[in-house]
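Dropping model-v9.txt in here (compact mmCIF, C-alpha atoms and all ligand atoms):
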```
# COMPACT_ATOMS: atom_id res chain seq x y z
CA MET Z 1 3.40 6.74 -13.42
CA LEU Z 2 2.05 6.84 -9.90
CA ASN Z 3 -1.73 6.74 -9.46
CA LEU Z 4 -3.57 7.33 -6.22
CA THR Z 5 -7.22 7.84 -5.36
CA TYR Z 6 -8.32 10.41 -2.80
CA ASN Z 7 -11.84 10.55 -1.47
CA TYR Z 8 -13.62 13.74 -0.37
CA LYS Z 9 -17.06 14.54 0.92
CA LEU Z 10 -18.88 17.07 -1.23
CA GLN Z 11 -21.15 19.85 -0.07
CA PRO Z 12 -23.13 20.57 -3.24
CA SER Z 13 -25.71 23.33 -3.63
CA LYS Z 14 -29.34 22.51 -4.45
CA LYS Z 15 -28.74 23.22 -8.13
CA GLN Z 16 -25.66 20.98 -8.18
CA ILE Z 17 -27.57 18.16 -6.48
CA GLU Z 18 -30.17 18.46 -9.23
CA ILE Z 19 -27.48 18.18 -11.91
CA ILE Z 20 -25.85 15.18 -10.23
CA ASP Z 21 -29.15 13.34 -9.73
CA HIS Z 22 -30.20 14.02 -13.31
CA ASN Z 23 -26.91 12.67 -14.67
CA LEU Z 24 -27.16 9.59 -12.46
CA ALA Z 25 -30.62 8.93 -13.89
CA VAL Z 26 -29.43 9.37 -17.49
CA CYS Z 27 -26.42 7.10 -16.87
CA LYS Z 28 -28.75 4.52 -15.38
CA SER Z 29 -30.86 4.37 -18.52
CA VAL Z 30 -27.73 4.20 -20.68
CA TRP Z 31 -26.44 1.28 -18.58
CA ASN Z 32 -29.73 -0.57 -18.62
CA HIS Z 33 -30.27 -0.14 -22.36
CA ALA Z 34 -26.71 -1.18 -23.21
CA LEU Z 35 -27.03 -4.20 -20.94
CA TYR Z 36 -30.40 -5.07 -22.55
CA GLN Z 37 -28.73 -5.06 -25.98
CA ARG Z 38 -25.99 -7.40 -24.84
CA LYS Z 39 -28.43 -9.71 -23.04
CA LEU Z 40 -30.59 -9.89 -26.15
CA TRP Z 41 -27.56 -10.90 -28.17
CA TYR Z 42 -26.64 -13.65 -25.68
CA ASN Z 43 -30.23 -14.94 -25.40
CA SER Z 44 -30.75 -15.02 -29.14
CA ARG Z 45 -27.80 -17.34 -29.45
CA LYS Z 46 -28.74 -19.74 -26.70
CA CYS Z 47 -30.93 -21.78 -29.04
CA ASP Z 48 -29.06 -24.07 -31.43
CA ILE Z 49 -29.42 -23.12 -35.05
CA ASN Z 50 -30.95 -26.50 -36.00
CA LYS Z 51 -33.45 -26.73 -33.13
CA CYS Z 52 -36.95 -25.39 -32.83
CA SER Z 53 -37.21 -21.97 -31.31
CA LEU Z 54 -39.69 -22.29 -28.48
CA ILE Z 55 -37.75 -19.99 -26.23
CA SER Z 56 -35.57 -17.92 -28.48
CA GLU Z 57 -34.90 -17.35 -32.14
CA TYR Z 58 -31.35 -17.80 -33.29
CA VAL Z 59 -30.45 -14.59 -35.05
CA VAL Z 60 -31.91 -11.21 -34.31
CA GLU Z 61 -30.42 -7.80 -34.70
CA PRO Z 62 -27.76 -6.74 -33.84
CA TYR Z 63 -25.94 -9.32 -35.93
CA PHE Z 64 -22.60 -8.34 -34.44
CA TYR Z 65 -21.89 -8.50 -30.76
CA PRO Z 66 -22.60 -5.07 -29.26
CA ASN Z 67 -19.18 -4.20 -27.82
CA TYR Z 68 -18.00 -0.93 -26.34
CA HIS Z 69 -17.15 0.65 -29.69
CA THR Z 70 -20.43 -0.12 -31.46
CA GLN Z 71 -22.46 0.92 -28.42
CA SER Z 72 -20.51 4.11 -28.03
CA ALA Z 73 -21.02 5.01 -31.72
CA GLU Z 74 -24.71 4.23 -31.37
CA LEU Z 75 -24.98 6.49 -28.35
CA THR Z 76 -23.49 9.38 -30.30
CA GLN Z 77 -26.12 8.85 -33.02
CA ALA Z 78 -28.98 8.49 -30.55
CA LYS Z 79 -28.10 11.74 -28.81
CA LYS Z 80 -28.94 13.65 -32.01
CA THR Z 81 -32.59 12.68 -31.86
CA ASN Z 82 -33.19 11.90 -28.19
CA PRO Z 83 -33.47 15.04 -26.02
CA TYR Z 84 -33.25 13.04 -22.78
CA LEU Z 85 -29.87 11.60 -23.71
CA LYS Z 86 -28.75 14.98 -24.98
CA SER Z 87 -29.45 16.51 -21.56
CA GLY Z 88 -26.91 14.23 -19.87
CA ASN Z 89 -23.16 14.68 -19.77
CA ALA Z 90 -21.51 12.97 -22.75
CA GLN Z 91 -18.39 11.97 -20.80
CA ALA Z 92 -20.39 10.41 -17.98
CA MET Z 93 -22.41 8.33 -20.46
CA GLN Z 94 -19.32 7.14 -22.35
CA GLN Z 95 -17.69 6.12 -19.08
CA THR Z 96 -20.84 4.22 -18.12
CA LEU Z 97 -20.53 2.16 -21.32
CA ARG Z 98 -16.89 1.55 -20.53
CA LYS Z 99 -17.81 0.39 -17.02
CA LEU Z 100 -20.31 -2.06 -18.50
CA ASP Z 101 -17.65 -3.33 -20.88
CA ARG Z 102 -15.30 -3.85 -17.94
CA ALA Z 103 -18.02 -5.71 -16.04
CA PHE Z 104 -18.34 -8.16 -18.96
CA ASN Z 105 -14.57 -8.59 -19.16
CA ASP Z 106 -14.35 -9.22 -15.41
CA MET Z 107 -17.04 -11.82 -15.75
CA LYS Z 108 -14.91 -13.75 -18.23
CA SER Z 109 -11.48 -13.20 -16.72
CA LYS Z 110 -12.18 -13.02 -12.99
CA GLY Z 111 -15.27 -15.17 -12.63
CA MET Z 112 -17.48 -12.32 -11.44
CA GLY Z 113 -21.24 -12.48 -11.84
CA PHE Z 114 -23.31 -11.48 -14.88
CA PRO Z 115 -23.86 -7.68 -14.84
CA ARG Z 116 -27.29 -6.69 -13.58
CA TYR Z 117 -29.86 -4.05 -14.38
CA LYS Z 118 -29.61 -1.12 -12.03
CA LYS Z 119 -32.44 0.25 -9.95
CA LYS Z 120 -30.24 3.09 -8.88
CA MET Z 121 -27.01 4.38 -10.35
CA LYS Z 122 -24.59 5.21 -7.59
CA SER Z 123 -21.81 6.97 -9.45
CA PHE Z 124 -20.51 8.38 -12.69
CA ASN Z 125 -17.03 9.28 -13.89
CA LEU Z 126 -15.72 12.37 -15.63
CA LEU Z 127 -12.41 12.71 -17.46
CA SER Z 128 -10.80 16.05 -18.14
CA ASN Z 129 -7.58 18.05 -17.89
CA LYS Z 130 -9.40 20.93 -16.31
CA PHE Z 131 -9.95 19.69 -12.75
CA GLU Z 132 -8.48 21.97 -10.16
CA ILE Z 133 -8.76 22.47 -6.42
CA ASN Z 134 -9.06 26.09 -5.29
CA GLY Z 135 -9.29 26.42 -1.53
CA ASN Z 136 -12.32 24.40 -0.50
CA TYR Z 137 -13.73 24.19 -4.02
CA LEU Z 138 -13.26 21.69 -6.79
CA LYS Z 139 -13.36 23.27 -10.21
CA MET Z 140 -14.75 20.88 -12.82
CA PRO Z 141 -16.54 21.05 -16.17
CA LEU Z 142 -20.02 19.74 -15.33
CA LEU Z 143 -20.60 21.24 -11.88
CA LYS Z 144 -18.44 24.37 -12.19
CA ASN Z 145 -17.28 25.10 -8.61
CA ILE Z 146 -18.37 22.52 -6.09
CA LYS Z 147 -17.61 22.81 -2.38
CA LEU Z 148 -15.82 19.93 -0.69
CA ARG Z 149 -14.68 19.12 2.81
CA LYS Z 150 -10.95 19.20 2.37
CA SER Z 151 -9.84 16.42 4.66
CA ARG Z 152 -6.38 16.16 3.12
CA ASP Z 153 -4.18 18.05 0.67
CA ILE Z 154 -3.25 16.74 -2.71
CA PRO Z 155 0.52 16.23 -2.73
CA ASP Z 156 2.64 18.55 -4.87
CA GLY Z 157 3.09 17.67 -8.50
CA PHE Z 158 0.01 15.46 -8.80
CA LEU Z 159 -2.56 16.16 -11.51
CA ILE Z 160 -6.25 15.28 -11.17
CA LYS Z 161 -7.06 13.03 -14.12
CA GLN Z 162 -10.48 11.67 -13.32
CA VAL Z 163 -13.30 12.47 -10.93
CA GLN Z 164 -15.93 10.00 -9.81
CA ILE Z 165 -19.05 11.50 -8.27
CA ILE Z 166 -20.72 9.11 -5.84
CA LYS Z 167 -24.11 9.23 -4.17
CA LYS Z 168 -24.39 7.42 -0.85
CA ALA Z 169 -26.94 7.33 1.92
CA SER Z 170 -24.96 9.90 3.88
CA GLY Z 171 -24.47 12.36 1.03
CA TYR Z 172 -22.34 13.03 -2.02
CA TYR Z 173 -18.68 12.16 -2.39
CA ALA Z 174 -15.95 12.60 -4.99
CA ASN Z 175 -13.11 10.22 -5.75
CA LEU Z 176 -10.21 12.08 -7.30
CA MET Z 177 -7.84 9.90 -9.28
CA ILE Z 178 -4.54 11.70 -9.20
CA GLU Z 179 -1.42 10.96 -11.17
CA LEU Z 180 2.25 11.86 -10.87
CA ASP Z 181 4.47 11.61 -13.91
CA VAL Z 182 7.44 9.69 -12.52
CA ASP Z 183 9.07 6.42 -13.42
CA ILE Z 184 8.64 3.97 -10.59
CA PRO Z 185 10.24 0.57 -10.77
CA LEU Z 186 7.91 -2.17 -9.60
CA PRO Z 187 8.91 -3.57 -6.20
CA THR Z 188 11.40 -6.42 -6.56
CA PRO Z 189 11.85 -9.33 -4.15
CA HIS Z 190 14.03 -8.26 -1.23
CA ALA Z 191 14.36 -8.37 2.55
CA HIS Z 192 12.12 -10.34 4.91
CA ALA Z 193 9.37 -12.51 3.37
CA VAL Z 194 5.96 -13.27 4.86
CA GLY Z 195 3.35 -15.76 3.71
CA ILE Z 196 -0.30 -15.12 4.55
CA ASP Z 197 -2.99 -17.77 4.84
CA ALA Z 198 -6.66 -16.82 4.85
CA GLY Z 199 -8.82 -18.86 7.17
CA ILE Z 200 -12.28 -19.30 8.55
CA LYS Z 201 -11.64 -19.68 12.26
CA SER Z 202 -9.12 -16.87 12.38
CA MET Z 203 -9.09 -14.30 9.60
CA LEU Z 204 -5.40 -14.43 8.71
CA SER Z 205 -2.29 -16.26 9.81
CA THR Z 206 1.23 -15.24 8.88
CA SER Z 207 4.31 -17.40 8.51
CA ASP Z 208 5.87 -15.45 11.40
CA GLY Z 209 3.29 -17.00 13.69
CA ASN Z 210 0.93 -14.03 13.99
CA VAL Z 211 -2.72 -15.03 14.04
CA ILE Z 212 -5.24 -12.28 13.32
CA GLN Z 213 -8.70 -13.08 14.61
CA ARG Z 214 -11.90 -12.21 12.84
CA PRO Z 215 -12.75 -8.63 13.87
CA LYS Z 216 -15.64 -8.60 16.30
CA PHE Z 217 -16.34 -4.89 16.32
CA LEU Z 218 -18.80 -5.16 13.43
CA ASP Z 219 -20.96 -7.85 15.03
CA LYS Z 220 -23.10 -5.43 17.00
CA ALA Z 221 -23.83 -3.23 13.99
CA LEU Z 222 -24.55 -6.25 11.78
CA ARG Z 223 -27.00 -7.63 14.31
CA LYS Z 224 -28.73 -4.27 14.43
CA ILE Z 225 -29.06 -4.27 10.63
CA GLU Z 226 -30.64 -7.71 10.74
CA LEU Z 227 -33.11 -6.56 13.37
CA LEU Z 228 -34.12 -3.47 11.40
CA GLN Z 229 -34.47 -5.50 8.24
CA ARG Z 230 -36.93 -7.77 10.00
CA LYS Z 231 -38.89 -4.71 11.08
CA LEU Z 232 -38.84 -3.37 7.53
CA LYS Z 233 -40.66 -6.43 6.25
CA LYS Z 234 -43.67 -5.58 8.41
CA LYS Z 235 -44.00 -2.05 7.00
CA ARG Z 236 -45.98 -1.22 3.89
CA LEU Z 237 -43.67 -0.86 0.88
CA GLY Z 238 -43.07 2.78 0.04
CA SER Z 239 -44.84 4.18 3.10
CA ASN Z 240 -43.31 6.99 5.16
CA LYS Z 241 -42.15 4.67 7.92
CA TRP Z 242 -40.75 2.25 5.36
CA ASN Z 243 -38.72 5.04 3.75
CA LYS Z 244 -37.37 6.21 7.10
CA LEU Z 245 -36.34 2.72 8.12
CA GLN Z 246 -34.80 2.07 4.73
CA LYS Z 247 -32.67 5.20 5.08
CA ARG Z 248 -31.53 4.14 8.55
CA ILE Z 249 -30.51 0.71 7.27
CA ALA Z 250 -28.63 2.24 4.35
CA LEU Z 251 -26.72 4.53 6.74
CA LEU Z 252 -25.82 1.61 8.98
CA HIS Z 253 -24.61 -0.43 6.00
CA GLU Z 254 -22.44 2.48 4.95
CA ALA Z 255 -20.98 2.88 8.44
CA VAL Z 256 -20.14 -0.83 8.59
CA ALA Z 257 -18.47 -0.71 5.16
CA ASN Z 258 -16.44 2.35 6.18
CA ARG Z 259 -15.25 0.82 9.41
CA ARG Z 260 -14.36 -2.44 7.69
CA LYS Z 261 -12.37 -0.67 5.02
CA ASP Z 262 -10.61 1.47 7.61
CA TYR Z 263 -9.66 -1.69 9.50
CA HIS Z 264 -8.41 -3.34 6.30
CA PHE Z 265 -6.16 -0.40 5.47
CA LYS Z 266 -4.69 -0.34 8.97
CA LEU Z 267 -4.13 -4.09 8.94
CA ALA Z 268 -2.48 -3.94 5.51
CA ARG Z 269 -0.16 -1.15 6.67
CA LYS Z 270 0.75 -3.20 9.73
CA LEU Z 271 1.49 -6.32 7.69
CA CYS Z 272 3.65 -4.33 5.24
CA SER Z 273 5.79 -2.60 7.85
CA GLY Z 274 9.28 -4.01 8.07
CA VAL Z 275 8.57 -6.57 5.36
CA GLY Z 276 10.00 -6.77 1.84
CA MET Z 277 7.87 -9.48 0.30
CA ILE Z 278 4.32 -10.71 0.86
CA PHE Z 279 2.95 -13.92 -0.61
CA VAL Z 280 -0.70 -14.93 -0.55
CA GLU Z 281 -2.73 -17.80 -1.94
CA ASP Z 282 -4.33 -17.41 -5.33
CA ILE Z 283 -7.92 -17.74 -4.15
CA ASN Z 284 -10.97 -16.47 -5.97
CA PHE Z 285 -12.91 -14.97 -3.09
CA THR Z 286 -15.98 -14.41 -5.24
CA ASN Z 287 -16.43 -18.17 -5.49
CA TRP Z 288 -15.21 -18.76 -1.96
CA SER Z 289 -17.91 -16.56 -0.47
CA LYS Z 290 -20.59 -18.48 -2.39
CA GLY Z 291 -19.65 -21.75 -0.68
CA MET Z 292 -19.99 -22.99 2.86
CA PHE Z 293 -18.03 -20.07 4.28
CA CYS Z 294 -20.47 -17.53 2.90
CA LYS Z 295 -21.35 -15.52 5.96
CA GLN Z 296 -18.02 -15.45 7.71
CA SER Z 297 -16.09 -14.54 4.61
CA LEU Z 298 -18.52 -11.79 3.63
CA ASP Z 299 -18.33 -10.34 7.14
CA MET Z 300 -14.58 -10.19 6.91
CA GLY Z 301 -14.53 -8.95 3.31
CA LEU Z 302 -11.39 -10.94 2.52
CA GLY Z 303 -11.57 -10.24 -1.20
CA GLN Z 304 -11.51 -6.52 -0.54
CA PHE Z 305 -8.75 -6.94 2.01
CA PHE Z 306 -6.41 -8.65 -0.45
CA GLU Z 307 -7.07 -5.96 -3.06
CA ILE Z 308 -6.21 -3.32 -0.48
CA LEU Z 309 -3.15 -5.29 0.61
CA GLU Z 310 -1.92 -5.40 -2.99
CA TYR Z 311 -2.44 -1.66 -3.30
CA VAL Z 312 -0.68 -0.87 -0.02
CA CYS Z 313 2.22 -3.13 -1.05
CA SER Z 314 2.56 -1.23 -4.32
CA ILE Z 315 2.93 2.11 -2.54
CA THR Z 316 5.20 0.89 0.26
CA ASP Z 317 7.75 -0.85 -1.99
CA THR Z 318 6.73 -4.32 -0.88
CA PHE Z 319 6.88 -7.17 -3.38
CA PHE Z 320 3.46 -8.78 -3.64
CA ALA Z 321 2.70 -12.08 -5.38
CA LYS Z 322 0.10 -14.81 -5.44
CA VAL Z 323 1.16 -18.44 -5.27
CA ASN Z 324 -0.50 -21.75 -6.08
CA LYS Z 325 -3.10 -22.56 -3.41
CA ASP Z 326 -3.18 -26.36 -3.78
CA PHE Z 327 -2.46 -28.54 -0.73
CA THR Z 328 -1.13 -25.65 1.40
CA SER Z 329 -2.84 -27.11 4.46
CA GLN Z 330 -1.56 -30.64 3.84
CA ILE Z 331 2.15 -30.20 3.12
CA CYS Z 332 4.67 -29.95 5.95
CA PRO Z 333 6.65 -26.69 5.72
CA GLU Z 334 9.74 -28.28 7.30
CA CYS Z 335 10.23 -31.43 5.23
CA GLY Z 336 7.69 -31.17 2.41
CA THR Z 337 5.81 -34.37 3.24
CA ASN Z 338 2.14 -34.47 2.36
CA THR Z 339 0.43 -35.23 5.68
CA GLY Z 340 -2.98 -35.80 4.12
CA LYS Z 341 -6.28 -33.97 4.34
CA LYS Z 342 -7.23 -32.50 7.71
CA GLU Z 343 -10.75 -32.11 9.02
CA LEU Z 344 -11.74 -28.53 9.88
CA ASN Z 345 -11.66 -29.26 13.61
CA VAL Z 346 -8.03 -30.44 13.55
CA ARG Z 347 -6.20 -27.26 14.51
CA ILE Z 348 -2.64 -28.55 14.81
CA HIS Z 349 -0.35 -29.61 12.01
CA SER Z 350 1.84 -32.44 13.18
CA CYS Z 351 4.22 -34.18 10.82
CA SER Z 352 4.79 -37.91 11.17
CA GLU Z 353 8.08 -37.70 9.20
CA CYS Z 354 10.00 -34.93 10.97
CA GLY Z 355 7.89 -34.40 14.07
CA TYR Z 356 7.22 -30.71 13.30
CA GLN Z 357 4.23 -29.33 15.20
CA GLN Z 358 2.54 -26.02 14.53
CA ASP Z 359 -0.87 -24.31 14.35
CA ARG Z 360 -2.33 -25.55 11.07
CA ASP Z 361 -2.92 -22.08 9.61
CA VAL Z 362 0.56 -20.86 10.51
CA ALA Z 363 2.00 -24.01 8.92
CA ALA Z 364 -0.04 -23.29 5.77
CA ALA Z 365 1.27 -19.71 5.77
CA ARG Z 366 4.83 -21.06 5.95
CA VAL Z 367 4.15 -23.31 2.95
CA ILE Z 368 2.86 -20.28 1.03
CA CYS Z 369 5.96 -18.32 2.02
CA ASN Z 370 8.29 -21.14 0.90
CA ARG Z 371 6.50 -21.42 -2.44
CA GLY Z 372 6.77 -17.67 -3.02
CA LEU Z 373 10.46 -17.63 -2.15
CA ASP Z 374 11.20 -20.60 -4.43
CA ALA Z 375 9.46 -18.94 -7.35
CA ALA Z 376 11.02 -15.53 -6.66
CA ALA Z 377 14.51 -17.03 -6.39
CA VAL Z 378 14.47 -18.44 -9.91
CA GLY Z 379 12.61 -15.41 -11.22
CA ALA Z 380 9.71 -17.55 -12.34
CA PRO Z 381 6.29 -15.98 -12.64
CA VAL Z 382 4.58 -16.48 -9.29
CA VAL Z 383 1.23 -17.65 -10.71
CA LYS Z 384 -0.20 -14.24 -11.44
CA ARG Z 385 1.52 -10.93 -11.09
CA THR Z 386 -0.96 -8.14 -11.54
CA SER Z 387 0.30 -4.62 -11.38
CA ALA Z 388 -1.76 -3.14 -8.60
CA VAL Z 389 -1.16 0.40 -9.73
CA LEU Z 390 -2.63 -0.21 -13.14
CA ASP Z 391 -5.45 -2.51 -12.17
CA SER Z 392 -8.64 -0.81 -13.16
CA ARG Z 393 -10.58 -2.47 -10.37
CA LEU Z 394 -8.31 -0.89 -7.84
CA GLN Z 395 -8.87 2.43 -9.52
CA ALA Z 396 -12.56 1.95 -9.00
CA LEU Z 397 -12.08 0.92 -5.41
CA GLU Z 398 -12.95 3.87 -3.31
CA MET Z 399 -9.84 4.50 -1.33
CA ASN Z 400 -10.63 5.53 2.17
CA SER Z 401 -9.86 9.12 2.86
CA ARG Z 402 -9.12 8.21 6.42
CA ASP Z 403 -6.18 6.13 5.36
CA SER Z 404 -3.94 9.10 5.92
CA GLY Z 405 -1.23 7.27 7.86
CA SER Z 406 1.84 8.34 5.87
CA ALA Z 407 -0.43 9.57 3.11
CA PHE Z 408 2.40 9.90 0.67
CA PRO Z 409 4.65 6.95 -0.07
CA HIS Z 410 8.09 8.40 0.56
CA SER Z 411 9.62 4.97 0.36
CA LEU Z 412 9.11 4.93 -3.41
CA PHE Z 413 11.60 7.68 -3.87
CA VAL Z 414 14.36 6.32 -1.72
CA GLN Z 415 14.02 2.89 -3.21
CA GLU Z 416 17.10 3.08 -5.43
CA THR Z 417 19.42 4.03 -2.61
CA ALA Z 418 17.83 1.43 -0.38
CA LEU Z 419 18.58 -1.32 -2.87
ZN ZN M 501 7.65 -32.69 8.31
```
As structure tokens, the full file:
Amino acid sequence: MLNLTYNYKLQPSKKQIEIIDHNLAVCKSVWNHALYQRKLWYNSRKCDINKCSLISEYVVEPYFYPNYHTQSAELTQAKKTNPYLKSGNAQAMQQTLRKLDRAFNDMKSKGMGFPRYKKKMKSFNLLSNKFEINGNYLKMPLLKNIKLRKSRDIPDGFLIKQVQIIKKASGYYANLMIELDVDIPLPTPHAHAVGIDAGIKSMLSTSDGNVIQRPKFLDKALRKIELLQRKLKKKRLGSNKWNKLQKRIALLHEAVANRRKDYHFKLARKLCSGVGMIFVEDINFTNWSKGMFCKQSLDMGLGQFFEILEYVCSITDTFFAKVNKDFTSQICPECGTNTGKKELNVRIHSCSECGYQQDRDVAAARVICNRGLDAAAVGAPVVKRTSAVLDSRLQALEMNSRDSGSAFPHSLFVQETAL
């Protein structure tokens, strides 16, 4: 099964905008209520059963943990008596509950933050077999025929399985998740291998000696956002000028995010070209960006970049794996000696055993590459091998419509002859 996500800008009519906004509002209240239920359950169990209950009482309803299935059944019941819930799209609400469930799972498995109440819902998902593109219109159950700016064609044979409607500062968008029913073997280790080390001073270093500097093109826009945000503080909350400024800031944020994502896709394509295997460190960037490297790492969006890299690898027949991150900057890639901890200002790795000298990040990238190759050679699991195609978070990632450079992965279909 091959899954891709294509992003289109929508041009909805006034009536359609009304429907979308109404459904976003209903989904928001579903999210917030479902989250409230779960929070209540957690809070009511914070207090030990044998202690006094100054803050919370031990057991309150619901006695069982409100998971996706119980909440979904409850929603179906509530719709019978609540006209507001009944006015929303059933699919969109179910998918909202599923999204919340995924957020709680990600919290446990990936160390993401506790899900939050939403002031604004930005998107909802619809599942159906009846999506169809006719000319410049998308035919779908809730919105009937909605006009879209057709920036690219859907490749032959693909079926639209899911549509995500998104509201942004610059308008409405649709993410089409498309699927092709073919058997694709996962990329296997082959050809040239590259290790990639993520850094602070320079964004990435590869084991081939390429050093990619932190992109500077966003600095100007980010400074402008900071300036406007300072101005916003002086305006009265909710006034006309405040609203206008708020809108301008939102648009700038969106532009920055778009340009960053575009850059990430291009960089990932570049790194994948002519390469058969890519190894990276197994770093949790959510935690990383909370530490001392907060600003730099958020500016670069390294977490997003590695997700995109994994996705691009999966569609260009490049083997992608994460390796153990411990001591990569201390071990010598030539002889394996541990050269001890380096201060951040020491930029050169120099080995006292074999005399090998190299830029410290490139040396670390070589260590990562060696580790990946060792693990791949014996067929051992390389720390964590997630299937990018199936990862739900990647599905949710809004793939940039401008990533049209070889939009369709031909390499997947010549893979067998290539091997
Ligand atoms: Zn050495």
Contacts of Z:Cys369 at 10 Å or less, counting only C-alpha atoms, minus same-chain residues fewer than 5 places along, as a count of residues only? 18
Quote the spacing between atom CA of Z:Ser350 and atom CA of Z:Ile283 in Å to one decimal place. 24.7 Å
Atom pair atom CA of Z:Cys335 / atom CA of Z:Gly372: separation (Å): 16.4 Å
Which is closest to Z:Ser13 among Z:Thr76, Z:Asn129, Z:Gln71, Z:Asn145, if we use all atoms listed in the file? Z:Asn145
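Atom CA of Z:Tyr84 is found 22.0 Å from atom CA of Z:Pro66.
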Of the listed residues Z:Leu271, Z:Ile368, Z:Ala376, Z:Leu97, that which approaches Z:Ala34 most closely, counting all atoms listed in the file: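 The shortest atom-to-atom distance to Z:Ala34 comes from Z:Leu97.
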Considering all atoms listed in the file, state which residue in the set Z:Arg360, Z:Lys266, Z:Lys147, Z:His349 is at the smallest distance from ligand ZN 501 (chain M). Z:His349
Please give me, as a list in words, the residues lying within 8 Å of ligand ZN 501 (chain M) when counting all atoms listed in the file.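 Going residue by residue within 8 Å of ligand ZN 501 (chain M), we get Ile331, Cys332, Pro333, Glu334, Cys335, Gly336, Thr337, Ser350, Cys351, Ser352, Glu353, Cys354, Gly355 and Tyr356 of chain Z.
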Which of these residues is nearest to Z:Asn3, using all atoms listed in the file: Z:Lys161, Z:Lys119, Z:Lys108, Z:Lys167?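 Of Z:Lys161, Z:Lys119, Z:Lys108, Z:Lys167, the one nearest Z:Asn3, counting all atoms listed in the file, is Z:Lys161.
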Within 10 Å of Z:Gln246, counting only C-alpha atoms, which residues qualify if same-chain residues fewer than 6 places away don't, as number ranges by chain? Z: 169, 228-229, 232, 238, 240, 252
Give me, as a PyMOL selection string, all polymer residues having an atom no more than 7 Å from Z:Gln91, counting only C-alpha atoms and skipping those fewer than 3 positions away in the same chain. chain Z and resi 94-95+126-127
